[in-house]
Each structure stands twice: as C-alpha cells, then as structure tokens.
file query.pdb (PDB, C-alpha atoms and all ligand atoms)
MODEL        1
ATOM      1  CA  MET A   1    -115.359 -43.406 272.237
ATOM      2  CA  MET A   2    -117.584 -46.508 272.255
ATOM      3  CA  THR A   3    -120.054 -44.762 269.973
ATOM      4  CA  ASN A   4    -117.194 -43.582 267.821
ATOM      5  CA  ARG A   5    -115.963 -47.178 267.356
ATOM      6  CA  PHE A   6    -119.521 -48.289 266.644
ATOM      7  CA  PHE A   7    -119.856 -45.771 263.821
ATOM      8  CA  ILE A   8    -116.446 -46.602 262.386
ATOM      9  CA  ASN A   9    -117.267 -50.321 262.491
ATOM     10  CA  SER A  10    -120.604 -49.680 260.833
ATOM     11  CA  LEU A  11    -118.801 -47.747 258.094
ATOM     12  CA  ASP A  12    -116.404 -50.641 257.577
ATOM     13  CA  THR A  13    -119.268 -53.122 257.480
ATOM     14  CA  LEU A  14    -121.158 -51.014 254.958
ATOM     15  CA  ASN A  15    -118.010 -50.691 252.884
ATOM     16  CA  ARG A  16    -117.583 -54.430 252.896
ATOM     17  CA  ILE A  17    -121.211 -54.971 251.907
ATOM     18  CA  PHE A  18    -121.337 -52.369 249.167
ATOM     19  CA  PHE A  19    -117.820 -52.143 247.787
ATOM     20  CA  SER A  20    -115.639 -54.989 246.733
ATOM     21  CA  LYS A  21    -113.153 -52.450 245.380
ATOM     22  CA  ARG A  22    -111.836 -51.206 248.703
ATOM     23  CA  SER A  23    -108.536 -53.006 248.148
ATOM     24  CA  HIS A  24    -108.384 -51.456 244.681
ATOM     25  CA  PHE A  25    -107.755 -48.045 246.213
ATOM     26  CA  TYR A  26    -104.943 -49.455 248.322
ATOM     27  CA  SER A  27    -103.317 -51.292 245.444
ATOM     28  CA  LEU A  28    -103.189 -48.052 243.463
ATOM     29  CA  SER A  29    -101.421 -46.371 246.340
ATOM     30  CA  THR A  30     -98.498 -48.777 246.315
ATOM     31  CA  GLY A  31     -97.127 -47.875 242.909
ATOM     32  CA  GLY A  32     -97.029 -45.178 240.302
ATOM     33  CA  SER A  33     -96.973 -41.479 240.701
ATOM     34  CA  LEU A  34     -99.368 -39.134 242.411
ATOM     35  CA  PHE A  35    -100.959 -37.846 239.226
ATOM     36  CA  THR A  36    -100.436 -40.292 236.344
ATOM     37  CA  ASP A  37    -102.779 -43.173 235.476
ATOM     38  CA  ARG A  38    -105.656 -41.557 237.331
ATOM     39  CA  VAL A  39    -108.852 -39.959 236.100
ATOM     40  CA  THR A  40    -110.482 -39.252 239.467
ATOM     41  CA  PHE A  41    -108.882 -38.751 242.860
ATOM     42  CA  GLN A  42    -105.184 -38.549 243.604
ATOM     43  CA  PHE A  43    -104.076 -41.727 245.322
ATOM     44  CA  PRO A  44    -105.280 -41.976 248.919
ATOM     45  CA  ALA A  45    -102.569 -41.977 251.571
ATOM     46  CA  THR A  46    -104.685 -41.903 254.751
ATOM     47  CA  ASP A  47    -107.705 -43.808 256.081
ATOM     48  CA  VAL A  48    -109.720 -40.598 255.983
ATOM     49  CA  ILE A  49    -109.372 -40.083 252.226
ATOM     50  CA  VAL A  50    -110.085 -43.775 251.583
ATOM     51  CA  GLY A  51    -113.301 -43.260 253.569
ATOM     52  CA  ILE A  52    -114.122 -40.098 251.613
ATOM     53  CA  ILE A  53    -113.619 -41.874 248.268
ATOM     54  CA  ASP A  54    -115.720 -44.824 249.420
ATOM     55  CA  LEU A  55    -118.493 -42.505 250.628
ATOM     56  CA  HIS A  56    -118.365 -40.663 247.313
ATOM     57  CA  ALA A  57    -118.802 -43.944 245.399
ATOM     58  CA  TYR A  58    -121.559 -45.034 247.780
ATOM     59  CA  ILE A  59    -123.590 -41.819 247.426
ATOM     60  CA  MET A  60    -123.032 -41.721 243.651
ATOM     61  CA  SER A  61    -124.580 -45.205 243.384
ATOM     62  CA  PHE A  62    -127.777 -43.806 244.955
ATOM     63  CA  LEU A  63    -127.640 -40.754 242.698
ATOM     64  CA  VAL A  64    -127.429 -42.870 239.555
ATOM     65  CA  PHE A  65    -130.431 -44.919 240.692
ATOM     66  CA  VAL A  66    -132.472 -41.821 241.650
ATOM     67  CA  PHE A  67    -131.602 -40.038 238.400
ATOM     68  CA  ILE A  68    -132.604 -43.012 236.213
ATOM     69  CA  PHE A  69    -135.825 -43.626 238.192
ATOM     70  CA  VAL A  70    -136.964 -39.988 238.184
ATOM     71  CA  PHE A  71    -136.073 -39.570 234.511
ATOM     72  CA  TRP A  72    -138.012 -42.726 233.638
ATOM     73  CA  ILE A  73    -141.097 -41.565 235.597
ATOM     74  CA  PHE A  74    -140.915 -38.102 234.029
ATOM     75  CA  ALA A  75    -140.565 -39.486 230.510
ATOM     76  CA  ASN A  76    -143.525 -41.809 231.117
ATOM     77  CA  VAL A  77    -145.715 -38.982 232.389
ATOM     78  CA  LEU A  78    -144.868 -36.851 229.367
ATOM     79  CA  PHE A  79    -145.561 -39.725 227.032
ATOM     80  CA  GLU A  80    -148.809 -40.916 228.626
ATOM     81  CA  PHE A  81    -150.409 -37.585 229.455
ATOM     82  CA  PHE A  82    -149.138 -35.227 226.753
ATOM     83  CA  TYR A  83    -148.059 -37.200 223.699
ATOM     84  CA  LYS A  84    -150.732 -39.901 223.629
ATOM     85  CA  PRO A  85    -153.807 -37.660 224.131
ATOM     86  CA  HIS A  86    -152.730 -35.741 221.058
ATOM     87  CA  TYR A  87    -151.829 -38.831 219.075
ATOM     88  CA  PRO A  88    -154.081 -41.601 220.438
ATOM     89  CA  THR A  89    -153.166 -45.002 219.084
ATOM     90  CA  SER A  90    -155.035 -47.521 221.179
ATOM     91  CA  SER A  91    -157.748 -47.789 223.794
ATOM     92  CA  GLN A  92    -155.411 -50.079 225.780
ATOM     93  CA  ASP A  93    -153.147 -47.169 226.769
ATOM     94  CA  PHE A  94    -152.004 -46.661 230.307
ATOM     95  CA  ARG A  95    -154.100 -43.488 230.618
ATOM     96  CA  TYR A  96    -157.319 -45.150 229.385
ATOM     97  CA  ILE A  97    -156.806 -48.140 231.694
ATOM     98  CA  LEU A  98    -156.390 -45.796 234.670
ATOM     99  CA  THR A  99    -159.408 -43.770 233.625
ATOM    100  CA  SER A 100    -161.598 -46.814 233.328
ATOM    101  CA  LEU A 101    -160.465 -48.099 236.735
ATOM    102  CA  THR A 102    -161.098 -44.876 238.621
ATOM    103  CA  ASN A 103    -163.626 -43.286 236.298
ATOM    104  CA  SER A 104    -161.359 -40.224 236.183
ATOM    105  CA  VAL A 105    -157.665 -39.370 235.961
ATOM    106  CA  PRO A 106    -156.358 -40.445 239.409
ATOM    107  CA  THR A 107    -155.223 -37.666 241.741
ATOM    108  CA  HIS A 108    -154.630 -39.669 244.944
ATOM    109  CA  ASN A 109    -153.148 -43.035 245.708
ATOM    110  CA  LEU A 110    -152.402 -43.864 249.315
ATOM    111  CA  PHE A 111    -149.985 -46.690 248.556
ATOM    112  CA  VAL A 112    -147.945 -44.665 246.063
ATOM    113  CA  GLU A 113    -147.797 -41.694 248.437
ATOM    114  CA  PHE A 114    -146.703 -43.964 251.273
ATOM    115  CA  VAL A 115    -143.902 -45.430 249.145
ATOM    116  CA  TRP A 116    -142.623 -42.109 247.872
ATOM    117  CA  THR A 117    -142.489 -40.740 251.414
ATOM    118  CA  ILE A 118    -140.913 -43.709 253.173
ATOM    119  CA  PHE A 119    -138.454 -44.823 250.497
ATOM    120  CA  PRO A 120    -136.558 -41.496 250.095
ATOM    121  CA  SER A 121    -136.305 -41.149 253.885
ATOM    122  CA  LEU A 122    -134.783 -44.640 254.070
ATOM    123  CA  LEU A 123    -132.309 -43.571 251.357
ATOM    124  CA  LEU A 124    -131.362 -40.538 253.461
ATOM    125  CA  VAL A 125    -130.796 -42.727 256.528
ATOM    126  CA  ALA A 126    -128.661 -45.115 254.467
ATOM    127  CA  ILE A 127    -126.548 -42.152 253.341
ATOM    128  CA  ALA A 128    -126.420 -40.526 256.796
ATOM    129  CA  ILE A 129    -124.999 -43.548 258.661
ATOM    130  CA  PRO A 130    -121.654 -43.855 256.810
ATOM    131  CA  SER A 131    -121.511 -40.068 256.445
ATOM    132  CA  PHE A 132    -121.694 -39.486 260.208
ATOM    133  CA  SER A 133    -119.251 -42.287 260.938
ATOM    134  CA  LEU A 134    -116.760 -40.615 258.593
ATOM    135  CA  LEU A 135    -117.263 -37.266 260.359
ATOM    136  CA  TYR A 136    -116.478 -38.970 263.673
ATOM    137  CA  LEU A 137    -113.357 -40.537 262.138
ATOM    138  CA  ILE A 138    -112.145 -37.149 260.852
ATOM    139  CA  SER A 139    -112.781 -35.348 264.157
ATOM    140  CA  ASP A 140    -110.891 -37.969 266.172
ATOM    141  CA  LEU A 141    -107.707 -36.416 267.635
ATOM    142  CA  THR A 142    -106.522 -39.289 269.853
ATOM    143  CA  ILE A 143    -102.899 -40.382 269.546
ATOM    144  CA  SER A 144    -102.322 -44.126 269.550
ATOM    145  CA  HIS A 145     -98.624 -44.104 270.559
ATOM    146  CA  SER A 146     -96.464 -42.720 273.311
ATOM    147  CA  TYR A 147     -95.004 -39.676 271.589
ATOM    148  CA  VAL A 148     -96.577 -36.798 269.759
ATOM    149  CA  VAL A 149     -95.591 -34.959 266.609
ATOM    150  CA  PHE A 150     -97.330 -31.614 266.484
ATOM    151  CA  VAL A 151     -97.019 -29.337 263.477
ATOM    152  CA  GLN A 152     -98.270 -25.806 263.461
ATOM    153  CA  CYS A 153     -98.882 -24.654 259.894
ATOM    154  CA  VAL A 154     -99.084 -20.888 259.659
ATOM    155  CA  GLY A 155    -100.451 -19.375 256.471
ATOM    156  CA  LYS A 156     -98.821 -16.140 255.419
ATOM    157  CA  GLN A 157     -99.083 -13.880 252.365
ATOM    158  CA  TRP A 158     -97.839 -15.873 250.422
ATOM    159  CA  TYR A 159     -95.982 -18.818 251.886
ATOM    160  CA  TRP A 160     -96.311 -21.324 254.708
ATOM    161  CA  GLU A 161     -94.369 -21.462 257.923
ATOM    162  CA  TYR A 162     -94.070 -24.752 259.827
ATOM    163  CA  PHE A 163     -93.304 -25.165 263.512
ATOM    164  CA  THR A 164     -92.756 -28.807 264.393
ATOM    165  CA  TYR A 165     -92.772 -30.049 267.972
ATOM    166  CA  VAL A 166     -91.808 -33.578 268.982
ATOM    167  CA  GLY A 167     -92.585 -34.644 272.513
ATOM    168  CA  GLN A 168     -93.671 -37.422 274.785
ATOM    169  CA  ILE A 169     -97.170 -37.852 276.043
ATOM    170  CA  CYS A 170     -97.435 -38.652 279.780
ATOM    171  CA  LEU A 171     -97.837 -42.350 279.130
ATOM    172  CA  PRO A 172     -95.218 -45.030 279.788
ATOM    173  CA  ASN A 173     -93.014 -45.353 276.721
ATOM    174  CA  THR A 174     -92.274 -48.891 275.661
ATOM    175  CA  GLY A 175     -89.451 -48.172 273.219
ATOM    176  CA  ILE A 176     -86.428 -45.898 273.239
ATOM    177  CA  PRO A 177     -87.411 -42.590 274.805
ATOM    178  CA  ILE A 178     -87.736 -39.772 272.328
ATOM    179  CA  PRO A 179     -86.491 -36.399 273.510
ATOM    180  CA  GLN A 180     -88.748 -33.422 273.523
ATOM    181  CA  TYR A 181     -87.752 -30.714 271.098
ATOM    182  CA  TRP A 182     -88.849 -27.985 268.749
ATOM    183  CA  VAL A 183     -87.644 -28.205 265.172
ATOM    184  CA  PRO A 184     -86.419 -24.788 263.955
ATOM    185  CA  PRO A 185     -89.282 -23.081 262.091
ATOM    186  CA  VAL A 186     -89.298 -23.581 258.349
ATOM    187  CA  ASP A 187     -90.405 -20.987 255.779
ATOM    188  CA  SER A 188     -91.743 -22.818 252.766
ATOM    189  CA  TYR A 189     -91.713 -20.789 249.541
ATOM    190  CA  MET A 190     -92.643 -21.923 246.037
ATOM    191  CA  VAL A 191     -89.715 -22.400 243.648
ATOM    192  CA  PRO A 192     -90.225 -19.956 240.724
ATOM    193  CA  THR A 193     -90.617 -21.519 237.289
ATOM    194  CA  THR A 194     -87.277 -20.056 236.138
ATOM    195  CA  ASP A 195     -85.408 -21.821 238.982
ATOM    196  CA  LEU A 196     -86.903 -25.294 238.567
ATOM    197  CA  SER A 197     -84.579 -28.253 238.123
ATOM    198  CA  SER A 198     -85.357 -31.585 236.451
ATOM    199  CA  GLY A 199     -88.075 -33.538 238.229
ATOM    200  CA  ASP A 200     -89.554 -30.518 239.988
ATOM    201  CA  ARG A 201     -93.225 -29.762 239.563
ATOM    202  CA  ARG A 202     -94.104 -26.293 238.334
ATOM    203  CA  LEU A 203     -96.185 -24.280 240.844
ATOM    204  CA  LEU A 204     -95.988 -27.181 243.335
ATOM    205  CA  THR A 205     -92.338 -27.601 244.311
ATOM    206  CA  VAL A 206     -91.200 -25.556 247.313
ATOM    207  CA  ASP A 207     -87.722 -24.696 248.569
ATOM    208  CA  ARG A 208     -88.133 -26.203 252.067
ATOM    209  CA  PRO A 209     -90.845 -28.882 252.314
ATOM    210  CA  LEU A 210     -92.523 -30.039 255.489
ATOM    211  CA  ILE A 211     -91.054 -33.345 256.692
ATOM    212  CA  LEU A 212     -93.329 -35.827 258.477
ATOM    213  CA  PRO A 213     -92.878 -39.394 259.745
ATOM    214  CA  VAL A 214     -94.839 -42.219 258.076
ATOM    215  CA  GLN A 215     -97.488 -44.300 259.910
ATOM    216  CA  THR A 216     -97.476 -41.912 262.830
ATOM    217  CA  ASP A 217    -100.371 -39.977 264.301
ATOM    218  CA  ILE A 218     -99.541 -36.340 263.609
ATOM    219  CA  LEU A 219    -101.495 -33.455 265.049
ATOM    220  CA  LEU A 220    -101.760 -30.461 262.752
ATOM    221  CA  GLY A 221    -102.659 -27.055 264.082
ATOM    222  CA  VAL A 222    -103.456 -24.657 261.281
ATOM    223  CA  THR A 223    -103.626 -20.907 261.670
ATOM    224  CA  SER A 224    -102.756 -17.682 259.868
ATOM    225  CA  THR A 225    -101.164 -14.330 260.604
ATOM    226  CA  ASP A 226    -102.855 -12.181 257.969
ATOM    227  CA  VAL A 227    -105.825 -13.384 255.906
ATOM    228  CA  ILE A 228    -107.676 -16.683 255.600
ATOM    229  CA  HIS A 229    -105.711 -19.426 253.833
ATOM    230  CA  SER A 230    -106.451 -23.149 253.601
ATOM    231  CA  TRP A 231    -103.940 -25.952 254.115
ATOM    232  CA  THR A 232    -104.859 -28.687 251.642
ATOM    233  CA  ILE A 233    -103.372 -32.015 250.636
ATOM    234  CA  PRO A 234    -105.807 -34.032 248.485
ATOM    235  CA  SER A 235    -103.981 -37.329 249.111
ATOM    236  CA  PHE A 236    -104.413 -36.909 252.883
ATOM    237  CA  GLY A 237    -108.072 -35.877 252.705
ATOM    238  CA  VAL A 238    -107.132 -32.669 254.496
ATOM    239  CA  LYS A 239    -108.576 -29.266 253.662
ATOM    240  CA  ILE A 240    -108.453 -27.100 256.731
ATOM    241  CA  ASP A 241    -108.846 -23.346 256.944
ATOM    242  CA  ALA A 242    -106.040 -21.179 258.319
ATOM    243  CA  ILE A 243    -107.831 -18.392 260.162
ATOM    244  CA  PRO A 244    -106.039 -15.558 262.013
ATOM    245  CA  GLY A 245    -106.468 -15.894 265.775
ATOM    246  CA  HIS A 246    -107.924 -19.371 265.519
ATOM    247  CA  LEU A 247    -106.220 -22.771 265.706
ATOM    248  CA  ASN A 248    -107.930 -25.443 263.623
ATOM    249  CA  ARG A 249    -106.782 -28.932 264.420
ATOM    250  CA  VAL A 250    -106.755 -32.196 262.512
ATOM    251  CA  LYS A 251    -104.990 -35.531 262.890
ATOM    252  CA  ILE A 252    -103.300 -37.289 259.985
ATOM    253  CA  ASN A 253    -101.624 -40.669 259.731
ATOM    254  CA  VAL A 254     -99.941 -41.161 256.363
ATOM    255  CA  LYS A 255     -99.687 -44.792 255.259
ATOM    256  CA  ASP A 256     -97.054 -44.484 252.531
ATOM    257  CA  VAL A 257     -93.652 -42.858 252.252
ATOM    258  CA  GLY A 258     -93.531 -40.284 249.466
ATOM    259  CA  VAL A 259     -93.813 -36.691 248.346
ATOM    260  CA  TYR A 260     -97.248 -35.118 248.530
ATOM    261  CA  TYR A 261     -98.433 -31.822 247.082
ATOM    262  CA  GLY A 262    -101.266 -29.439 247.743
ATOM    263  CA  GLN A 263    -102.194 -25.808 247.246
ATOM    264  CA  CYS A 264    -103.692 -23.041 249.325
ATOM    265  CA  SER A 265    -107.439 -23.459 248.847
ATOM    266  CA  GLU A 266    -108.795 -20.144 250.060
ATOM    267  CA  LEU A 267    -108.561 -17.053 247.871
ATOM    268  CA  CYS A 268    -106.034 -15.037 249.857
ATOM    269  CA  GLY A 269    -104.574 -12.391 247.571
ATOM    270  CA  VAL A 270    -102.634 -11.835 244.376
ATOM    271  CA  ASN A 271    -100.180 -14.689 244.994
ATOM    272  CA  HIS A 272    -102.812 -17.159 246.192
ATOM    273  CA  GLY A 273    -101.863 -19.555 243.394
ATOM    274  CA  PHE A 274     -98.185 -19.443 244.333
ATOM    275  CA  MET A 275     -98.081 -20.771 247.895
ATOM    276  CA  PRO A 276     -98.116 -24.542 247.348
ATOM    277  CA  ILE A 277     -97.676 -27.160 250.056
ATOM    278  CA  GLN A 278     -95.101 -29.903 249.689
ATOM    279  CA  VAL A 279     -94.790 -32.654 252.276
ATOM    280  CA  HIS A 280     -92.047 -35.284 252.400
ATOM    281  CA  VAL A 281     -93.208 -38.336 254.305
ATOM    282  CA  VAL A 282     -90.233 -40.399 255.509
ATOM    283  CA  HIS A 283     -89.539 -43.280 257.895
ATOM    284  CA  PRO A 284     -89.623 -42.230 261.575
ATOM    285  CA  GLU A 285     -85.880 -42.908 262.029
ATOM    286  CA  THR A 286     -85.099 -40.591 259.119
ATOM    287  CA  PHE A 287     -87.509 -38.015 260.497
ATOM    288  CA  PHE A 288     -85.847 -37.999 263.915
ATOM    289  CA  SER A 289     -82.333 -37.915 262.475
ATOM    290  CA  ILE A 290     -83.223 -34.969 260.221
ATOM    291  CA  THR A 291     -85.216 -32.917 262.711
ATOM    292  CA  ILE A 292     -83.213 -33.479 265.938
ATOM    293  CA  LYS A 293     -80.215 -31.490 264.686
TER
HETATM  294 CU    CU B 301    -103.368 -18.603 250.850
ENDMDL
END

call {"tool": "encode", "arguments": {"input": "query.pdb", "output": "structure tokens"}}
result
Amino acid sequence: MMTNRFFINSLDTLNRIFFSKRSHFYSLSTGGSLFTDRVTFQFPATDVIVGIIDLHAYIMSFLVFVFIFVFWIFANVLFEFFYKPHYPTSSQDFRYILTSLTNSVPTHNLFVEFVWTIFPSLLLVAIAIPSFSLLYLISDLTISHSYVVFVQCVGKQWYWEYFTYVGQICLPNTGIPIPQYWVPPVDSYMVPTTDLSSGDRRLLTVDRPLILPVQTDILLGVTSTDVIHSWTIPSFGVKIDAIPGHLNRVKINVKDVGVYYGQCSELCGVNHGFMPIQVHVVHPETFFSITIK
C-alpha cells in the first residue's frame, strides 16, 4: 500500500508539473451534457478516467515531439544525401563539410550513438512511471468507508442483469448503521426505437437502469452466462470483460450525480449493438430509499 501511495503521489506530482489543465477536466464535468460541446473524451466522472485522460495527453506530448524530430532528421537526410548530390549548389554543404572533416562519409559517431540510445530509454522511463501508477490506481479494490455496495453485472444475450448487495464491512460504523440486503435483481433491456419518449437516447436508453450512489466506493463484479461481453462506461474509465465462469472485479467511485451511458464492447452476437448500459448515479440517501424496498 505504501508503494501504491508512492506511485499515485508521483502521478499527481507529474500531472502538476506537466499539466496546468487538470482543473479544466473537472470544470467540464460540472455542467453541460455528456456528449455536447466535446470533441474528445466524454466528461470524466471518476479519478481513474481523469488519470487516463491526463496520461493520454502526457504521452501524446512525447509523440508529437518524436514525430517532429524524426521527420526533421529524415527530411534532412533525404535532402543532404539524395537531393544535393544530384543538384550540387555549393561546396559549403553539410555533406561536403562532413566529408572534409572525416575524409569520408561518416558511418560511426560514438556521441550520437550514445545520445540516441540513452535518450529514448529515458523517454520510456518517463512514460512508464505515470503509466504504472495509473495501473496501481485502477487495480486498487480497497473500500474507504464502513459499508460496501457490491454490484454483480451479468452479461446475457442480449441484455444485462444487475444484482446489487449492500452490506457492512466488519469495521466500526461511525454513522447510522446500514442494514445488509440484496436488491431484487434487475433485467436491463434496451428501449426499442419505436418506444422511445422525448429525451431518451436511441440505442442507449434502457427500461431499468442500474442505480448507484454518488461519491461511494462501489465494487463491481462482472461476469457472463453465455458468451463474452464487456461492461463499459467511458465516463467512468471502465471497460471490463464479462467472461462466463470468471468474475472480473473493479472499483468505481463516481464524483458527480447524473445519467451515464455505455455499450457492450465485445462482439457477442447479432444483438451486440442493442444491449446498452445505463447508470443513474444518485445521492446515497436516494439510493438507500430506492433500493431498500
Ligand atoms: Cu454483449
């Protein structure tokens, strides 16, 4: 856990050094809709997806630099060694200067070889550090409060079934004790286009959405009863395979109340495109009052 914290802190430090726009992602999440006014990612609703977006921006900054540098070198080589020999203009050319210095076209240069070995490996280390810290953050399943909300998402051809369990962890509870109960299982089917009402989203709205409490650590167990599906919500940074006979687990903690959408992300059959995921994130009091009945 110490190492885990160290990596997470190093990620935060790197983010602070490299990105001044971290708050920008948060400010976008406070208003507007999930899809409008955006050209890249849907708005981030968990720390994990904020980390993923930051890592994406971080790695892309290296890619832009590498692309421009390599392209510049390549263009120079073409120009100096292919264009100029055919169309010589001056004896002061790069190629003639090199030739006069070494008495031949150079084939070895210890300093250059040292630089182009060490520098890319340093780049890889700089990319690996925040990348590993994010992996540790994603794989963390610890619950930071005294009760647990566990949701088992079962992929079926072609809908989702949700079993929600609310219970106490064996730690002293500081607030009002929360009873232990199973919420009746919910079958979540897509609403067909012909049955949509105003405000519904075509191919995304379901008849019975999953309801989750906001700012709560929620454990998701994802599995399947037939073929491989994938439970995906872009705004949560969750894409987790539903595999028959196997329980994949992930923890989510949604920062904002709202309605979130996703789609099955594993080709699973003819109706693969028609088993969307809709999650309503509500205040914990609302969640308990809805689910305890
Ligand atoms: Cu599926």

call {"tool": "resolve_selection", "arguments": {"input": "query.pdb", "expression": "the PyMOL selection byres (((not hetatm)) within 9 of (chain B and resi 301))", "output": "list in words"}}
result
Gly155, Lys156, Gln157, Trp158, Tyr159, Trp160, Val227, Ile228, His229, Ser230, Trp231, Ala242, Gln263, Cys264, Ser265, Glu266, Leu267, Cys268, Gly269, Asn271, His272, Gly273, Phe274, Met275 and Pro276 of chain A

call {"tool": "residues_around", "arguments": {"input": "query.pdb", "residues": "range 119-124 of chain A", "least_positions_apart": "5", "cutoff": "9 Å", "atoms": "all atoms listed in the file", "output": "PyMOL selection string"}}
result
chain A and resi 62+114+129

call {"tool": "resolve_selection", "arguments": {"input": "query.pdb", "expression": "the PyMOL selection byres (((chain A and resi 185-187) around 10) and not hetatm)", "output": "JSON, numbers by chain"}}
result
{"A": [152, 153, 154, 156, 159, 160, 161, 162, 163, 164, 165, 182, 183, 184, 188, 189, 206, 207, 208, 209, 210]}

call {"tool": "write_last_selection", "arguments": {"input": "query.pdb", "atoms": "C-alpha atoms", "output": "PDB file, in the frame of the given file"}}
result
ATOM      1  CA  GLN A 152     -98.270 -25.806 263.461  1.00  0.00           C
ATOM      2  CA  CYS A 153     -98.882 -24.654 259.894  1.00  0.00           C
ATOM      3  CA  VAL A 154     -99.084 -20.888 259.659  1.00  0.00           C
ATOM      4  CA  LYS A 156     -98.821 -16.140 255.419  1.00  0.00           C
ATOM      5  CA  TYR A 159     -95.982 -18.818 251.886  1.00  0.00           C
ATOM      6  CA  TRP A 160     -96.311 -21.324 254.708  1.00  0.00           C
ATOM      7  CA  GLU A 161     -94.369 -21.462 257.923  1.00  0.00           C
ATOM      8  CA  TYR A 162     -94.070 -24.752 259.827  1.00  0.00           C
ATOM      9  CA  PHE A 163     -93.304 -25.165 263.512  1.00  0.00           C
ATOM     10  CA  THR A 164     -92.756 -28.807 264.393  1.00  0.00           C
ATOM     11  CA  TYR A 165     -92.772 -30.049 267.972  1.00  0.00           C
ATOM     12  CA  TRP A 182     -88.849 -27.985 268.749  1.00  0.00           C
ATOM     13  CA  VAL A 183     -87.644 -28.205 265.172  1.00  0.00           C
ATOM     14  CA  PRO A 184     -86.419 -24.788 263.955  1.00  0.00           C
ATOM     15  CA  SER A 188     -91.743 -22.818 252.766  1.00  0.00           C
ATOM     16  CA  TYR A 189     -91.713 -20.789 249.541  1.00  0.00           C
ATOM     17  CA  VAL A 206     -91.200 -25.556 247.313  1.00  0.00           C
ATOM     18  CA  ASP A 207     -87.722 -24.696 248.569  1.00  0.00           C
ATOM     19  CA  ARG A 208     -88.133 -26.203 252.067  1.00  0.00           C
ATOM     20  CA  PRO A 209     -90.845 -28.882 252.314  1.00  0.00           C
ATOM     21  CA  LEU A 210     -92.523 -30.039 255.489  1.00  0.00           C
TER      22      LEU A 210
END

call {"tool": "atom_distance", "arguments": {"input": "query.pdb", "atom1": "CA of Gly167 in chain A", "atom2": "CA of Ile211 in chain A"}}
result
15.9 Å

call {"tool": "atom_distance", "arguments": {"input": "query.pdb", "atom1": "CA of Leu247 in chain A", "atom2": "CA of Phe150 in chain A"}}
result
12.6 Å

call {"tool": "resolve_selection", "arguments": {"input": "query.pdb", "expression": "the PyMOL selection byres (((chain A and resi 50) around 10) and not hetatm)", "output": "count of residues only"}}
result
20
